[in-house]
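> Structure file coords-v3.pdb (PDB, C-alpha atoms, pLDDT in the B column) is given on the next line.
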MODEL        1
ATOM      1  CA  MET A   1       0.000   0.000   0.000  1.00 40.00           C
ATOM      2  CA  HIS A   2       2.804   2.380   0.915  1.00 41.00           C
ATOM      3  CA  LEU A   3       4.545   1.798  -2.444  1.00 44.00           C
ATOM      4  CA  ALA A   4       1.354   2.378  -4.436  1.00 46.00           C
ATOM      5  CA  ARG A   5       0.665   5.612  -2.578  1.00 45.00           C
ATOM      6  CA  ALA A   6       4.251   6.838  -3.002  1.00 44.00           C
ATOM      7  CA  ALA A   7       4.131   5.989  -6.713  1.00 47.00           C
ATOM      8  CA  SER A   8       0.843   7.863  -7.180  1.00 45.00           C
ATOM      9  CA  ILE A   9       2.183  10.883  -5.281  1.00 44.00           C
ATOM     10  CA  THR A  10       5.314  10.822  -7.438  1.00 45.00           C
ATOM     11  CA  ALA A  11       3.238  10.576 -10.626  1.00 46.00           C
ATOM     12  CA  PHE A  12       1.011  13.466  -9.507  1.00 44.00           C
ATOM     13  CA  PHE A  13       4.048  15.546  -8.613  1.00 41.00           C
ATOM     14  CA  HIS A  14       5.734  14.839 -11.924  1.00 44.00           C
ATOM     15  CA  THR A  15       2.743  15.585 -14.166  1.00 44.00           C
ATOM     16  CA  ARG A  16       1.209  18.530 -12.318  1.00 41.00           C
ATOM     17  CA  ILE A  17       4.170  20.473 -11.047  1.00 40.00           C
ATOM     18  CA  THR A  18       7.234  19.684 -13.130  1.00 42.00           C
ATOM     19  CA  ALA A  19       5.367  20.281 -16.387  1.00 43.00           C
ATOM     20  CA  HIS A  20       5.558  23.993 -15.572  1.00 42.00           C
ATOM     21  CA  LEU A  21       9.247  24.053 -14.673  1.00 45.00           C
ATOM     22  CA  LYS A  22      12.347  24.107 -16.831  1.00 47.00           C
ATOM     23  CA  PRO A  23      13.665  20.542 -17.247  1.00 49.00           C
ATOM     24  CA  ARG A  24      16.791  20.985 -15.101  1.00 46.00           C
ATOM     25  CA  LEU A  25      14.871  22.691 -12.317  1.00 48.00           C
ATOM     26  CA  ALA A  26      12.170  20.022 -12.473  1.00 49.00           C
ATOM     27  CA  PHE A  27      14.820  17.311 -12.154  1.00 49.00           C
ATOM     28  CA  ALA A  28      16.414  18.915  -9.088  1.00 49.00           C
ATOM     29  CA  VAL A  29      13.024  19.481  -7.472  1.00 47.00           C
ATOM     30  CA  ARG A  30      12.117  15.799  -8.067  1.00 49.00           C
ATOM     31  CA  CYS A  31      15.367  14.721  -6.365  1.00 49.00           C
ATOM     32  CA  SER A  32      14.473  16.837  -3.344  1.00 49.00           C
ATOM     33  CA  PHE A  33      10.895  15.525  -3.353  1.00 45.00           C
ATOM     34  CA  ILE A  34      11.981  11.875  -3.469  1.00 46.00           C
ATOM     35  CA  THR A  35      14.278  12.574  -0.517  1.00 45.00           C
ATOM     36  CA  ALA A  36      11.533  14.385   1.405  1.00 45.00           C
ATOM     37  CA  ILE A  37       8.944  11.610   1.126  1.00 41.00           C
ATOM     38  CA  GLY A  38      11.517   8.918   1.837  1.00 44.00           C
ATOM     39  CA  PHE A  39      10.452   6.780  -1.134  1.00 44.00           C
ATOM     40  CA  THR A  40      12.288   3.460  -0.707  1.00 41.00           C
ATOM     41  CA  PRO A  41      10.737   0.762  -2.896  1.00 48.00           C
ATOM     42  CA  ASP A  42      13.382  -1.907  -2.193  1.00 51.00           C
ATOM     43  CA  MET A  43      15.335  -2.737   0.951  1.00 56.00           C
ATOM     44  CA  ASP A  44      18.399  -3.375  -1.256  1.00 76.00           C
ATOM     45  CA  ASP A  45      18.332   0.225  -2.460  1.00 88.00           C
ATOM     46  CA  LEU A  46      21.410   2.142  -1.379  1.00 90.00           C
ATOM     47  CA  LYS A  47      20.993   5.364   0.610  1.00 95.00           C
ATOM     48  CA  LEU A  48      24.211   7.098   1.668  1.00 96.00           C
ATOM     49  CA  ILE A  49      24.973  10.545   3.060  1.00 96.00           C
ATOM     50  CA  ALA A  50      28.456  12.086   3.084  1.00 96.00           C
ATOM     51  CA  LEU A  51      29.414  14.740   5.617  1.00 96.00           C
ATOM     52  CA  ASP A  52      33.201  14.295   5.513  1.00 96.00           C
ATOM     53  CA  ALA A  53      35.944  13.082   3.175  1.00 96.00           C
ATOM     54  CA  ASP A  54      35.754   9.475   4.417  1.00 96.00           C
ATOM     55  CA  ASP A  55      32.005   9.361   3.745  1.00 96.00           C
ATOM     56  CA  LEU A  56      32.601  10.841   0.290  1.00 97.00           C
ATOM     57  CA  ASN A  57      35.148   8.100  -0.452  1.00 97.00           C
ATOM     58  CA  VAL A  58      32.463   5.484   0.262  1.00 96.00           C
ATOM     59  CA  ILE A  59      30.071   7.188  -2.155  1.00 97.00           C
ATOM     60  CA  SER A  60      32.883   7.423  -4.711  1.00 97.00           C
ATOM     61  CA  ALA A  61      33.515   3.666  -4.460  1.00 95.00           C
ATOM     62  CA  HIS A  62      29.825   2.916  -5.089  1.00 95.00           C
ATOM     63  CA  LEU A  63      29.736   5.305  -8.056  1.00 96.00           C
ATOM     64  CA  GLN A  64      32.929   4.099  -9.733  1.00 94.00           C
ATOM     65  CA  ASP A  65      32.059   3.381 -13.380  1.00 94.00           C
ATOM     66  CA  ALA A  66      28.631   5.006 -13.143  1.00 96.00           C
ATOM     67  CA  VAL A  67      27.450   6.371 -16.484  1.00 96.00           C
ATOM     68  CA  LEU A  68      25.348   9.473 -16.996  1.00 96.00           C
ATOM     69  CA  LYS A  69      24.269  11.810 -19.750  1.00 96.00           C
ATOM     70  CA  ILE A  70      25.351  15.429 -19.605  1.00 96.00           C
ATOM     71  CA  GLY A  71      21.663  16.350 -19.898  1.00 95.00           C
ATOM     72  CA  ASP A  72      21.014  14.519 -16.591  1.00 96.00           C
ATOM     73  CA  ILE A  73      23.198  16.938 -14.624  1.00 96.00           C
ATOM     74  CA  ALA A  74      21.563  19.998 -13.056  1.00 96.00           C
ATOM     75  CA  TYR A  75      23.301  22.867 -11.278  1.00 95.00           C
ATOM     76  CA  LEU A  76      21.045  25.245  -9.352  1.00 96.00           C
ATOM     77  CA  PRO A  77      23.208  28.148  -8.161  1.00 96.00           C
ATOM     78  CA  GLY A  78      20.326  29.800  -6.273  1.00 96.00           C
ATOM     79  CA  GLU A  79      19.849  26.634  -4.205  1.00 97.00           C
ATOM     80  CA  GLN A  80      23.589  25.869  -4.032  1.00 97.00           C
ATOM     81  CA  ARG A  81      22.911  22.367  -5.375  1.00 97.00           C
ATOM     82  CA  LEU A  82      24.286  20.098  -8.085  1.00 97.00           C
ATOM     83  CA  ALA A  83      22.295  16.936  -8.785  1.00 97.00           C
ATOM     84  CA  ALA A  84      22.588  14.149 -11.329  1.00 97.00           C
ATOM     85  CA  ILE A  85      20.836  10.939 -12.315  1.00 96.00           C
ATOM     86  CA  CYS A  86      23.143   8.088 -13.283  1.00 96.00           C
ATOM     87  CA  ASN A  87      23.353   4.337 -13.782  1.00 96.00           C
ATOM     88  CA  ARG A  88      25.831   2.873 -11.332  1.00 95.00           C
ATOM     89  CA  PHE A  89      27.514  -0.493 -11.655  1.00 92.00           C
ATOM     90  CA  ASP A  90      26.680  -2.561  -8.549  1.00 90.00           C
ATOM     91  CA  TRP A  91      30.154  -3.479  -7.330  1.00 87.00           C
ATOM     92  CA  VAL A  92      28.801  -4.987  -4.097  1.00 86.00           C
ATOM     93  CA  GLU A  93      26.842  -7.645  -6.002  1.00 83.00           C
ATOM     94  CA  ALA A  94      29.650  -8.180  -8.510  1.00 83.00           C
ATOM     95  CA  GLU A  95      32.257  -8.795  -5.813  1.00 81.00           C
ATOM     96  CA  LYS A  96      30.186 -11.180  -3.673  1.00 78.00           C
ATOM     97  CA  PRO A  97      31.797 -14.605  -3.203  1.00 76.00           C
ATOM     98  CA  LYS A  98      30.982 -16.883  -6.102  1.00 68.00           C
ATOM     99  CA  THR A  99      28.357 -19.558  -5.491  1.00 64.00           C
ATOM    100  CA  ARG A 100      27.169 -22.343  -7.758  1.00 57.00           C
ATOM    101  CA  ALA A 101      24.995 -19.925  -9.636  1.00 62.00           C
ATOM    102  CA  LYS A 102      26.986 -17.017 -11.050  1.00 67.00           C
ATOM    103  CA  THR A 103      25.940 -13.718  -9.490  1.00 68.00           C
ATOM    104  CA  PRO A 104      24.435 -11.601 -12.276  1.00 81.00           C
ATOM    105  CA  LEU A 105      26.146  -8.310 -13.004  1.00 89.00           C
ATOM    106  CA  GLN A 106      23.778  -5.394 -12.655  1.00 92.00           C
ATOM    107  CA  ARG A 107      23.377  -1.652 -12.873  1.00 93.00           C
ATOM    108  CA  ARG A 108      21.135   0.498 -10.711  1.00 94.00           C
ATOM    109  CA  ARG A 109      19.470   3.836 -11.425  1.00 95.00           C
ATOM    110  CA  CYS A 110      20.474   6.373  -8.773  1.00 96.00           C
ATOM    111  CA  ALA A 111      20.607  10.048  -7.933  1.00 97.00           C
ATOM    112  CA  ILE A 112      23.547  11.945  -6.495  1.00 97.00           C
ATOM    113  CA  ARG A 113      23.287  15.429  -5.076  1.00 98.00           C
ATOM    114  CA  PHE A 114      25.748  17.875  -3.609  1.00 98.00           C
ATOM    115  CA  GLU A 115      24.574  20.698  -1.343  1.00 98.00           C
ATOM    116  CA  ARG A 116      26.276  23.975  -0.338  1.00 97.00           C
ATOM    117  CA  VAL A 117      27.853  24.330  -3.785  1.00 98.00           C
ATOM    118  CA  LEU A 118      29.249  27.835  -4.233  1.00 97.00           C
ATOM    119  CA  SER A 119      30.423  27.465  -7.844  1.00 97.00           C
ATOM    120  CA  THR A 120      31.318  24.910 -10.486  1.00 97.00           C
ATOM    121  CA  GLN A 121      34.105  24.548 -13.045  1.00 97.00           C
ATOM    122  CA  LEU A 122      34.131  22.214 -16.035  1.00 96.00           C
ATOM    123  CA  LEU A 123      37.095  20.593 -17.739  1.00 96.00           C
ATOM    124  CA  GLY A 124      36.596  18.842 -21.074  1.00 95.00           C
ATOM    125  CA  ILE A 125      32.795  18.748 -20.783  1.00 95.00           C
ATOM    126  CA  ASP A 126      30.513  20.621 -23.188  1.00 93.00           C
ATOM    127  CA  LEU A 127      27.103  21.212 -21.582  1.00 89.00           C
ATOM    128  CA  ASN A 128      25.562  21.738 -25.031  1.00 93.00           C
ATOM    129  CA  ASN A 129      26.120  18.047 -25.873  1.00 94.00           C
ATOM    130  CA  LYS A 130      23.303  16.826 -23.642  1.00 95.00           C
ATOM    131  CA  ARG A 131      23.283  13.297 -25.109  1.00 96.00           C
ATOM    132  CA  ASP A 132      26.998  12.678 -24.509  1.00 95.00           C
ATOM    133  CA  VAL A 133      27.627   9.959 -21.940  1.00 96.00           C
ATOM    134  CA  LEU A 134      30.190  10.364 -19.168  1.00 96.00           C
ATOM    135  CA  SER A 135      31.773   7.523 -17.181  1.00 96.00           C
ATOM    136  CA  LEU A 136      32.598   8.478 -13.593  1.00 97.00           C
ATOM    137  CA  LEU A 137      35.938   7.287 -12.262  1.00 96.00           C
ATOM    138  CA  ALA A 138      36.119   8.920  -8.829  1.00 97.00           C
ATOM    139  CA  ILE A 139      34.896  11.669  -6.519  1.00 98.00           C
ATOM    140  CA  GLN A 140      37.596  13.381  -4.460  1.00 98.00           C
ATOM    141  CA  PHE A 141      37.714  16.143  -1.860  1.00 98.00           C
ATOM    142  CA  GLU A 142      40.477  18.693  -1.444  1.00 97.00           C
ATOM    143  CA  THR A 143      40.364  20.937   1.633  1.00 93.00           C
ATOM    144  CA  ALA A 144      40.785  24.655   1.007  1.00 92.00           C
ATOM    145  CA  GLN A 145      39.617  26.533   4.101  1.00 89.00           C
ATOM    146  CA  ALA A 146      38.099  23.938   6.446  1.00 87.00           C
ATOM    147  CA  PRO A 147      35.408  22.806   6.375  1.00 92.00           C
ATOM    148  CA  GLY A 148      35.205  24.102   2.799  1.00 94.00           C
ATOM    149  CA  GLY A 149      37.093  22.978  -0.230  1.00 96.00           C
ATOM    150  CA  PHE A 150      36.692  21.403  -3.641  1.00 98.00           C
ATOM    151  CA  ILE A 151      34.867  18.244  -4.689  1.00 98.00           C
ATOM    152  CA  THR A 152      36.069  16.920  -8.038  1.00 98.00           C
ATOM    153  CA  LEU A 153      34.122  14.411 -10.127  1.00 98.00           C
ATOM    154  CA  SER A 154      36.640  12.821 -12.517  1.00 97.00           C
ATOM    155  CA  PHE A 155      35.442  11.141 -15.708  1.00 97.00           C
ATOM    156  CA  SER A 156      37.142   8.833 -18.197  1.00 94.00           C
ATOM    157  CA  GLY A 157      38.674  10.714 -21.098  1.00 92.00           C
ATOM    158  CA  GLY A 158      39.966  13.470 -18.801  1.00 94.00           C
ATOM    159  CA  GLY A 159      36.716  15.346 -18.168  1.00 95.00           C
ATOM    160  CA  ALA A 160      35.981  16.738 -14.712  1.00 97.00           C
ATOM    161  CA  ILE A 161      33.485  18.787 -12.739  1.00 97.00           C
ATOM    162  CA  ARG A 162      34.957  20.737  -9.833  1.00 98.00           C
ATOM    163  CA  LEU A 163      32.627  22.031  -7.132  1.00 98.00           C
ATOM    164  CA  SER A 164      33.636  24.748  -4.700  1.00 97.00           C
ATOM    165  CA  VAL A 165      31.740  23.861  -1.504  1.00 98.00           C
ATOM    166  CA  GLU A 166      31.165  25.397   1.933  1.00 97.00           C
ATOM    167  CA  CYS A 167      31.474  21.892   3.362  1.00 97.00           C
ATOM    168  CA  ILE A 168      30.836  18.292   2.306  1.00 97.00           C
ATOM    169  CA  GLU A 169      27.133  17.488   2.137  1.00 97.00           C
ATOM    170  CA  ALA A 170      26.236  14.842  -0.430  1.00 98.00           C
ATOM    171  CA  GLU A 171      23.686  12.084  -0.872  1.00 97.00           C
ATOM    172  CA  LEU A 172      23.600   8.979  -3.051  1.00 97.00           C
ATOM    173  CA  ARG A 173      20.209   7.293  -3.371  1.00 96.00           C
ATOM    174  CA  ASP A 174      19.126   4.383  -5.533  1.00 95.00           C
ATOM    175  CA  LEU A 175      15.874   5.083  -7.351  1.00 93.00           C
ATOM    176  CA  GLY A 176      14.716   1.495  -7.736  1.00 86.00           C
ATOM    177  CA  GLY A 177      15.582   0.643 -11.334  1.00 81.00           C
ATOM    178  CA  VAL A 178      17.806  -2.467 -11.541  1.00 86.00           C
ATOM    179  CA  TRP A 179      18.789  -4.398 -14.660  1.00 86.00           C
ATOM    180  CA  LYS A 180      21.309  -7.057 -15.668  1.00 88.00           C
ATOM    181  CA  THR A 181      24.383  -6.201 -17.665  1.00 88.00           C
ATOM    182  CA  ASP A 182      26.834  -8.482 -19.446  1.00 85.00           C
ATOM    183  CA  HIS A 183      29.778  -6.114 -19.035  1.00 86.00           C
ATOM    184  CA  LYS A 184      31.907  -5.720 -15.907  1.00 86.00           C
ATOM    185  CA  PRO A 185      33.895  -2.462 -16.090  1.00 87.00           C
ATOM    186  CA  ALA A 186      37.643  -3.026 -16.315  1.00 84.00           C
ATOM    187  CA  HIS A 187      40.547  -0.656 -15.867  1.00 74.00           C
ATOM    188  CA  PRO A 188      43.962  -1.087 -17.504  1.00 72.00           C
ATOM    189  CA  GLY A 189      46.492  -2.436 -15.008  1.00 66.00           C
ATOM    190  CA  ALA A 190      43.824  -3.539 -12.486  1.00 60.00           C
ATOM    191  CA  ASP A 191      43.388  -7.170 -11.466  1.00 56.00           C
ATOM    192  CA  ASP A 192      40.467  -8.765 -13.294  1.00 49.00           C
ATOM    193  CA  ASP A 193      38.833 -11.870 -11.856  1.00 49.00           C
ATOM    194  CA  GLU A 194      36.954 -12.446 -15.076  1.00 45.00           C
ATOM    195  CA  GLY A 195      40.190 -13.186 -16.974  1.00 38.00           C
TER     196      GLY A 195
ENDMDL
END
Could you rewrite the structure in this file as structure tokens?

Amino acid sequence: MHLARAASITAFFHTRITAHLKPRLAFAVRCSFITAIGFTPDMDDLKLIALDADDLNVISAHLQDAVLKIGDIAYLPGEQRLAAICNRFDWVEAEKPKTRAKTPLQRRRCAIRFERVLSTQLLGIDLNNKRDVLSLLAIQFETAQAPGGFITLSFSGGGAIRLSVECIEAELRDLGGVWKTDHKPAHPGADDDEG
């Protein structure tokens, strides 16, 4: 019952309210709304909050090899927020001990948001190419004037988004979509169990 009600509220919200907003603003508002109602359709869904560099490293590990379209990134300077929707590779499932039945590789739809963002800088990313796909390698924090500093999202191919932040405040939340994939991301020079 709770899931049906949450789904109907989400549908109402999406059709009635976001239809009147610019797409990026609508996306960021939806991320806030999903967080506010606490919509959690599956107990396996990941929900992480980062308030320091160690927390951010955990989120970075879960988002390694996540893919996202440039058009799914929204920066709202007035709200000091950057949010994105991406498809993360589920490393936890992939690295589970092997049993008789091979654990299926999977990706999960998720949202990541950063609060208290003062400004952003882009390197090698053209925001006009909304359909271009980025592959996230890591998220790192560099202290400037504590507790503030810079959060850098590094992408394959040398692209990066650098956020100047008052402090670390980030959230990673799975949105419920899970699907099988045949491809396990590999990195040159890394050990590969798959051979």
> A:Leu105, A:Leu127, A:Glu93, A:Ile139: which is nearest Ile59 (chain A), counting all atoms listed in the file?
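Of all the options, A:Ile139 lies closest to Ile59 (chain A).
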> Tell me which residues the PyMOL selection byres ((chain A and resi 165-179) around 8) grabs here, as JSON, numbers by chain.
{"A": [40, 41, 42, 45, 46, 47, 48, 49, 50, 51, 52, 53, 56, 59, 106, 107, 108, 109, 110, 111, 112, 113, 114, 115, 116, 117, 118, 119, 146, 147, 148, 149, 150, 151, 163, 164, 180, 181]}
> Here is a test: counting all atoms listed in the file, which residue of A:Gln64, A:Gln121, A:Ser135, A:Gln145 is nearest to Asp90 (chain A)?
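Ranked by minimum distance to Asp90 (chain A), first place goes to A:Gln64.
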> So how far away is CA of Leu63 (chain A) from CA of Phe89 (chain A), in Å?
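Interatomic distance here is 7.2 Å.
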> For the atom pair CA of Leu68 (chain A) and CA of Ala138 (chain A), what is the interatomic distance in Å to one decimal place?
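Interatomic distance here is 13.5 Å.
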> To one decimal place, how far is CA of Ala160 (chain A) from CA of His183 (chain A) in Å?
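CA of His183 (chain A) lies 24.1 Å from CA of Ala160 (chain A).
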> If the PyMOL selection byres ((chain A and resi 70-73) around 9) is run on the structure shown, which residues does it catch, given as a ChimeraX atom specification?
/A:24,27-28,68-69,74-75,82-86,125-134
> Could you tell me which of A:Gly159, A:Pro104, A:Asp182, A:Ser154 comes closest to Gly124 (chain A) if we count all atoms listed in the file?
A:Gly159
